[in-house]
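File shown: run-v1.pdb. Contents: PDB, C-alpha atoms, pLDDT in the B column.
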ATOM      1  CA  MET R  56       0.000   0.000   0.000  1.00 94.00           C
ATOM      2  CA  LYS R  57       1.246   3.474  -0.811  1.00 97.00           C
ATOM      3  CA  THR R  58      -0.115   6.945  -0.234  1.00 98.00           C
ATOM      4  CA  ARG R  59       0.642   9.952  -2.429  1.00 97.00           C
ATOM      5  CA  ILE R  60       1.684  13.161  -0.664  1.00 98.00           C
ATOM      6  CA  GLN R  61       0.774  16.502  -2.218  1.00 96.00           C
ATOM      7  CA  THR R  62       1.217  19.989  -0.750  1.00 97.00           C
ATOM      8  CA  ASP R  63       0.941  23.486  -2.187  1.00 97.00           C
ATOM      9  CA  HIS R  64       3.827  24.521   0.092  1.00 97.00           C
ATOM     10  CA  ALA R  65       6.305  22.814  -2.251  1.00 97.00           C
ATOM     11  CA  PRO R  66       6.613  22.981  -6.033  1.00 96.00           C
ATOM     12  CA  ALA R  67       4.133  20.965  -8.051  1.00 92.00           C
ATOM     13  CA  ALA R  68       5.527  17.927  -9.828  1.00 88.00           C
ATOM     14  CA  LEU R  69       6.935  18.703 -13.279  1.00 79.00           C
ATOM     15  CA  GLY R  70       5.878  15.316 -14.626  1.00 88.00           C
ATOM     16  CA  PRO R  71       4.134  12.047 -13.803  1.00 94.00           C
ATOM     17  CA  TYR R  72       5.468  11.624 -10.275  1.00 96.00           C
ATOM     18  CA  SER R  73       4.470  12.418  -6.699  1.00 97.00           C
ATOM     19  CA  GLN R  74       6.101  14.905  -4.358  1.00 98.00           C
ATOM     20  CA  ALA R  75       6.422  11.976  -1.962  1.00 98.00           C
ATOM     21  CA  ILE R  76       5.106   8.496  -1.315  1.00 98.00           C
ATOM     22  CA  VAL R  77       4.398   7.019   2.100  1.00 98.00           C
ATOM     23  CA  THR R  78       4.534   3.273   2.489  1.00 98.00           C
ATOM     24  CA  GLY R  79       4.623   1.539   5.830  1.00 97.00           C
ATOM     25  CA  ASN R  80       6.466   3.856   8.210  1.00 98.00           C
ATOM     26  CA  MET R  81       8.687   5.384   5.497  1.00 98.00           C
ATOM     27  CA  VAL R  82       8.455   8.544   3.380  1.00 98.00           C
ATOM     28  CA  TYR R  83      10.274   8.728   0.039  1.00 98.00           C
ATOM     29  CA  THR R  84      10.478  12.237  -1.394  1.00 98.00           C
ATOM     30  CA  ALA R  85      10.961  13.057  -5.031  1.00 98.00           C
ATOM     31  CA  GLY R  86      14.036  15.104  -5.792  1.00 97.00           C
ATOM     32  CA  GLN R  87      13.408  18.735  -4.958  1.00 97.00           C
ATOM     33  CA  THR R  88      14.955  21.549  -6.960  1.00 97.00           C
ATOM     34  CA  PRO R  89      15.128  25.229  -5.975  1.00 98.00           C
ATOM     35  CA  ILE R  90      11.728  26.139  -7.361  1.00 97.00           C
ATOM     36  CA  ASP R  91       9.759  28.740  -5.427  1.00 97.00           C
ATOM     37  CA  PRO R  92       6.352  27.120  -4.815  1.00 97.00           C
ATOM     38  CA  ALA R  93       4.652  30.522  -4.861  1.00 95.00           C
ATOM     39  CA  THR R  94       5.818  31.358  -8.389  1.00 95.00           C
ATOM     40  CA  GLY R  95       6.610  27.950  -9.855  1.00 95.00           C
ATOM     41  CA  LYS R  96       9.908  29.405 -11.070  1.00 96.00           C
ATOM     42  CA  LEU R  97      13.487  28.393 -10.389  1.00 97.00           C
ATOM     43  CA  ILE R  98      15.062  30.904  -8.019  1.00 97.00           C
ATOM     44  CA  ASP R  99      18.035  32.852  -9.264  1.00 92.00           C
ATOM     45  CA  GLY R 100      20.880  32.805  -6.850  1.00 95.00           C
ATOM     46  CA  THR R 101      23.971  31.204  -5.459  1.00 98.00           C
ATOM     47  CA  ILE R 102      24.358  27.557  -4.546  1.00 98.00           C
ATOM     48  CA  GLU R 103      23.738  28.589  -0.931  1.00 98.00           C
ATOM     49  CA  GLU R 104      20.421  30.253  -1.826  1.00 98.00           C
ATOM     50  CA  GLN R 105      19.402  27.319  -4.009  1.00 98.00           C
ATOM     51  CA  THR R 106      20.299  24.826  -1.265  1.00 98.00           C
ATOM     52  CA  HIS R 107      18.160  26.730   1.266  1.00 98.00           C
ATOM     53  CA  ARG R 108      15.190  26.696  -1.134  1.00 98.00           C
ATOM     54  CA  VAL R 109      15.581  22.964  -1.828  1.00 98.00           C
ATOM     55  CA  LEU R 110      15.697  22.107   1.877  1.00 98.00           C
ATOM     56  CA  GLN R 111      12.706  24.348   2.615  1.00 98.00           C
ATOM     57  CA  ASN R 112      10.791  22.505  -0.126  1.00 98.00           C
ATOM     58  CA  ILE R 113      11.791  19.134   1.349  1.00 98.00           C
ATOM     59  CA  LYS R 114      10.713  20.294   4.823  1.00 98.00           C
ATOM     60  CA  SER R 115       7.270  21.216   3.427  1.00 98.00           C
ATOM     61  CA  VAL R 116       6.829  17.839   1.743  1.00 98.00           C
ATOM     62  CA  LEU R 117       7.946  15.942   4.851  1.00 98.00           C
ATOM     63  CA  ASP R 118       5.635  18.039   7.044  1.00 98.00           C
ATOM     64  CA  ALA R 119       2.711  17.195   4.731  1.00 98.00           C
ATOM     65  CA  ALA R 120       3.586  13.507   5.063  1.00 98.00           C
ATOM     66  CA  GLY R 121       3.674  13.662   8.864  1.00 97.00           C
ATOM     67  CA  SER R 122       7.457  13.483   9.120  1.00 98.00           C
ATOM     68  CA  SER R 123      10.244  16.032   9.486  1.00 97.00           C
ATOM     69  CA  LEU R 124      13.851  16.808   8.651  1.00 97.00           C
ATOM     70  CA  ALA R 125      14.824  15.318  12.023  1.00 96.00           C
ATOM     71  CA  LYS R 126      13.501  11.952  10.838  1.00 97.00           C
ATOM     72  CA  VAL R 127      15.463  11.830   7.576  1.00 98.00           C
ATOM     73  CA  VAL R 128      17.638   8.721   7.408  1.00 98.00           C
ATOM     74  CA  LYS R 129      19.122   9.098   3.895  1.00 98.00           C
ATOM     75  CA  THR R 130      19.662  11.900   1.410  1.00 98.00           C
ATOM     76  CA  THR R 131      20.955  11.947  -2.124  1.00 98.00           C
ATOM     77  CA  VAL R 132      22.357  15.260  -3.316  1.00 98.00           C
ATOM     78  CA  PHE R 133      22.812  15.956  -7.025  1.00 98.00           C
ATOM     79  CA  LEU R 134      25.131  18.844  -7.942  1.00 98.00           C
ATOM     80  CA  THR R 135      25.953  20.139 -11.397  1.00 98.00           C
ATOM     81  CA  SER R 136      29.421  21.074 -10.103  1.00 98.00           C
ATOM     82  CA  MET R 137      31.414  19.458  -7.307  1.00 98.00           C
ATOM     83  CA  SER R 138      33.107  22.820  -6.850  1.00 98.00           C
ATOM     84  CA  ASP R 139      29.831  23.783  -5.079  1.00 98.00           C
ATOM     85  CA  PHE R 140      30.193  20.949  -2.546  1.00 98.00           C
ATOM     86  CA  ALA R 141      31.687  22.975   0.333  1.00 98.00           C
ATOM     87  CA  ALA R 142      29.153  25.801  -0.005  1.00 98.00           C
ATOM     88  CA  MET R 143      26.253  23.339  -0.260  1.00 98.00           C
ATOM     89  CA  ASN R 144      27.584  21.380   2.705  1.00 98.00           C
ATOM     90  CA  GLY R 145      27.673  24.509   4.874  1.00 97.00           C
ATOM     91  CA  ILE R 146      23.968  25.164   4.290  1.00 98.00           C
ATOM     92  CA  TYR R 147      23.062  21.455   4.482  1.00 98.00           C
ATOM     93  CA  ALA R 148      24.703  21.267   7.935  1.00 97.00           C
ATOM     94  CA  GLN R 149      22.337  23.984   9.194  1.00 97.00           C
ATOM     95  CA  TYR R 150      19.380  21.670   8.501  1.00 97.00           C
ATOM     96  CA  PHE R 151      20.946  18.360   9.562  1.00 96.00           C
ATOM     97  CA  ASN R 152      23.222  19.378  12.457  1.00 87.00           C
ATOM     98  CA  THR R 153      22.359  16.557  14.847  1.00 84.00           C
ATOM     99  CA  ASP R 154      24.113  13.764  16.703  1.00 92.00           C
ATOM    100  CA  ALA R 155      22.941  11.371  13.987  1.00 94.00           C
ATOM    101  CA  PRO R 156      22.747  13.197  10.651  1.00 96.00           C
ATOM    102  CA  PRO R 157      21.322  11.168   7.757  1.00 98.00           C
ATOM    103  CA  ALA R 158      23.464   8.979   5.564  1.00 98.00           C
ATOM    104  CA  ARG R 159      24.236  10.860   2.349  1.00 98.00           C
ATOM    105  CA  SER R 160      25.452  10.356  -1.186  1.00 98.00           C
ATOM    106  CA  THR R 161      26.521  13.321  -3.326  1.00 98.00           C
ATOM    107  CA  ILE R 162      26.717  12.922  -7.070  1.00 98.00           C
ATOM    108  CA  GLN R 163      27.822  15.304  -9.819  1.00 98.00           C
ATOM    109  CA  VAL R 164      25.432  15.307 -12.775  1.00 98.00           C
ATOM    110  CA  ALA R 165      25.597  16.852 -16.239  1.00 98.00           C
ATOM    111  CA  GLY R 166      22.376  18.800 -15.785  1.00 97.00           C
ATOM    112  CA  LEU R 167      19.215  19.219 -13.709  1.00 97.00           C
ATOM    113  CA  PRO R 168      15.675  20.356 -14.597  1.00 93.00           C
ATOM    114  CA  LEU R 169      15.289  24.036 -15.488  1.00 93.00           C
ATOM    115  CA  GLY R 170      19.029  24.633 -15.078  1.00 96.00           C
ATOM    116  CA  ALA R 171      19.078  24.096 -11.299  1.00 98.00           C
ATOM    117  CA  MET R 172      22.471  23.720  -9.616  1.00 98.00           C
ATOM    118  CA  ILE R 173      21.183  21.263  -6.987  1.00 98.00           C
ATOM    119  CA  GLU R 174      18.533  18.631  -6.366  1.00 98.00           C
ATOM    120  CA  ILE R 175      18.041  16.622  -3.181  1.00 98.00           C
ATOM    121  CA  GLU R 176      15.878  13.567  -2.454  1.00 98.00           C
ATOM    122  CA  THR R 177      15.277  12.049   0.961  1.00 98.00           C
ATOM    123  CA  VAL R 178      14.049   8.971   2.787  1.00 98.00           C
ATOM    124  CA  ALA R 179      12.507   9.561   6.211  1.00 98.00           C
ATOM    125  CA  ILE R 180      10.616   7.699   8.886  1.00 98.00           C
ATOM    126  CA  LEU R 181       7.181   8.479  10.287  1.00 96.00           C
ATOM    127  CA  ASP R 182       6.228   8.568  13.968  1.00 76.00           C
TER
END
Would you encode the structure as C-alpha cells?
Amino acid sequence: MKTRIQTDHAPAALGPYSQAIVTGNMVYTAGQTPIDPATGKLIDGTIEEQTHRVLQNIKSVLDAAGSSLAKVVKTTVFLTSMSDFAAMNGIYAQYFNTDAPPARSTIQVAGLPLGAMIEIETVAILD
C-alpha cells in the first residue's frame, strides 16, 4: 500500500510523479529543486540560496507527510558542479546538524531540470 503526498507549500511535480510516497512507516520524497512554490519558477541565486530553497521545499513535503527533517535517514544530493560541494555542505549542515545526521550520497550530474544547480531527495521515517 502506498499513499501519495501533495502539498501546495512545495513545487508541483513537473511530470508524472508524486512529491512523496508514504509506504509503511517510510516517506520517500521526489528530488526537490530550488523552485519557489509561490511562483513555480526556479530561483536565481547562489548555490547557498538554491540549497536553502531545496531544503525548505523538502521540509514542506515531509511536514505534509507527517514526518520532518529530524527523521530523515538518507539523502541523495545531485550537484551540477562538485566545486559547489563545500558551499552546499555549509547550508546542508544547518538543517541536519544533529548527533545522527542522515546517511548521504553526493553525485555530480551533467544537468538538472530548469538549469538548477542542486537537487536533493530524501528517505525519512514516520512517527
Legend entry - Within 10 Å of R:Leu181 using all atoms listed in the file, minus same-chain residues under 3 positions, as a ChimeraX atom specification: /R:77-82,117,120-123,126-127
Inset, instruction - Tell me which of R:Thr62, R:Gln74, R:Thr94, R:Gln105 sits closest to R:Ala142, counting all atoms listed in the file. - result: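 Nearest to R:Ala142: R:Gln105.
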Inset, instruction - Write out as a list of chain:residue names which residues come within 8 Å of R:Ile175 when counting only C-alpha atoms, dropping same-chain ones fewer than 4 positions away. - result: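 Returned residues: R:Gly86, R:Gln87, R:Thr88, R:Val109, R:Leu110, R:Thr130, R:Thr131, R:Val132, R:Phe133.
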Keeping C-alpha atoms for every residue in the selection just given, could you write it to a file as a CSV table (one decimal), in the frame of the given file?
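Contents of the output file result-v4.csv:
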chain,number,residue,atom,x,y,z
R,86,GLY,CA,14.0,15.1,-5.8
R,87,GLN,CA,13.4,18.7,-5.0
R,88,THR,CA,15.0,21.5,-7.0
R,109,VAL,CA,15.6,23.0,-1.8
R,110,LEU,CA,15.7,22.1,1.9
R,130,THR,CA,19.7,11.9,1.4
R,131,THR,CA,21.0,11.9,-2.1
R,132,VAL,CA,22.4,15.3,-3.3
R,133,PHE,CA,22.8,16.0,-7.0
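Residue nearest R:Ile113 within the list R:Ala179, R:Ile98, R:Ala125, R:Ala65: R:Ala65 [criterion: smallest interatomic distance, only C-alpha atoms].
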Inset, instruction - Run through the PyMOL selection byres ((chain R and resi 93) around 10) on the given coordinates and return the selected residues as a list of chain:residue names. - result: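 So the PyMOL selection byres ((chain R and resi 93) around 10), applied here, picks out R:Asp63, R:His64, R:Ala65, R:Pro66, R:Ile90, R:Asp91, R:Pro92, R:Thr94, R:Gly95, R:Lys96.
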Legend entry - Resolved residues for the PyMOL selection byres ((chain R and resi 151) around 12) as a list in words: Leu110, Lys114, Ser123, Leu124, Ala125, Lys126, Val127, Val128, Lys129, Thr130, Asn144, Gly145, Ile146, Tyr147, Ala148, Gln149, Tyr150, Asn152, Thr153, Asp154, Ala155, Pro156, Pro157, Ala158 and Arg159 of chain R
Legend entry - Ref. answer, residues at most 6 Å from (13.9, 24.3, -11.5) with all atoms listed in the file, as a count of residues only: 7
Can you tell me, as a CSV table (one decimal) with C-alpha atoms, keeping the file's coordinate frame, what residues are no more than 7 Å from R:Ile76 when counting all atoms listed in the file, ignoring any on the same chain fewer than 2 positions away?
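Okay, this is what ended up in selection-v8.csv:
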chain,number,residue,atom,x,y,z
R,57,LYS,CA,1.2,3.5,-0.8
R,58,THR,CA,-0.1,6.9,-0.2
R,59,ARG,CA,0.6,10.0,-2.4
R,60,ILE,CA,1.7,13.2,-0.7
R,73,SER,CA,4.5,12.4,-6.7
R,78,THR,CA,4.5,3.3,2.5
R,82,VAL,CA,8.5,8.5,3.4
R,83,TYR,CA,10.3,8.7,0.0
R,84,THR,CA,10.5,12.2,-1.4
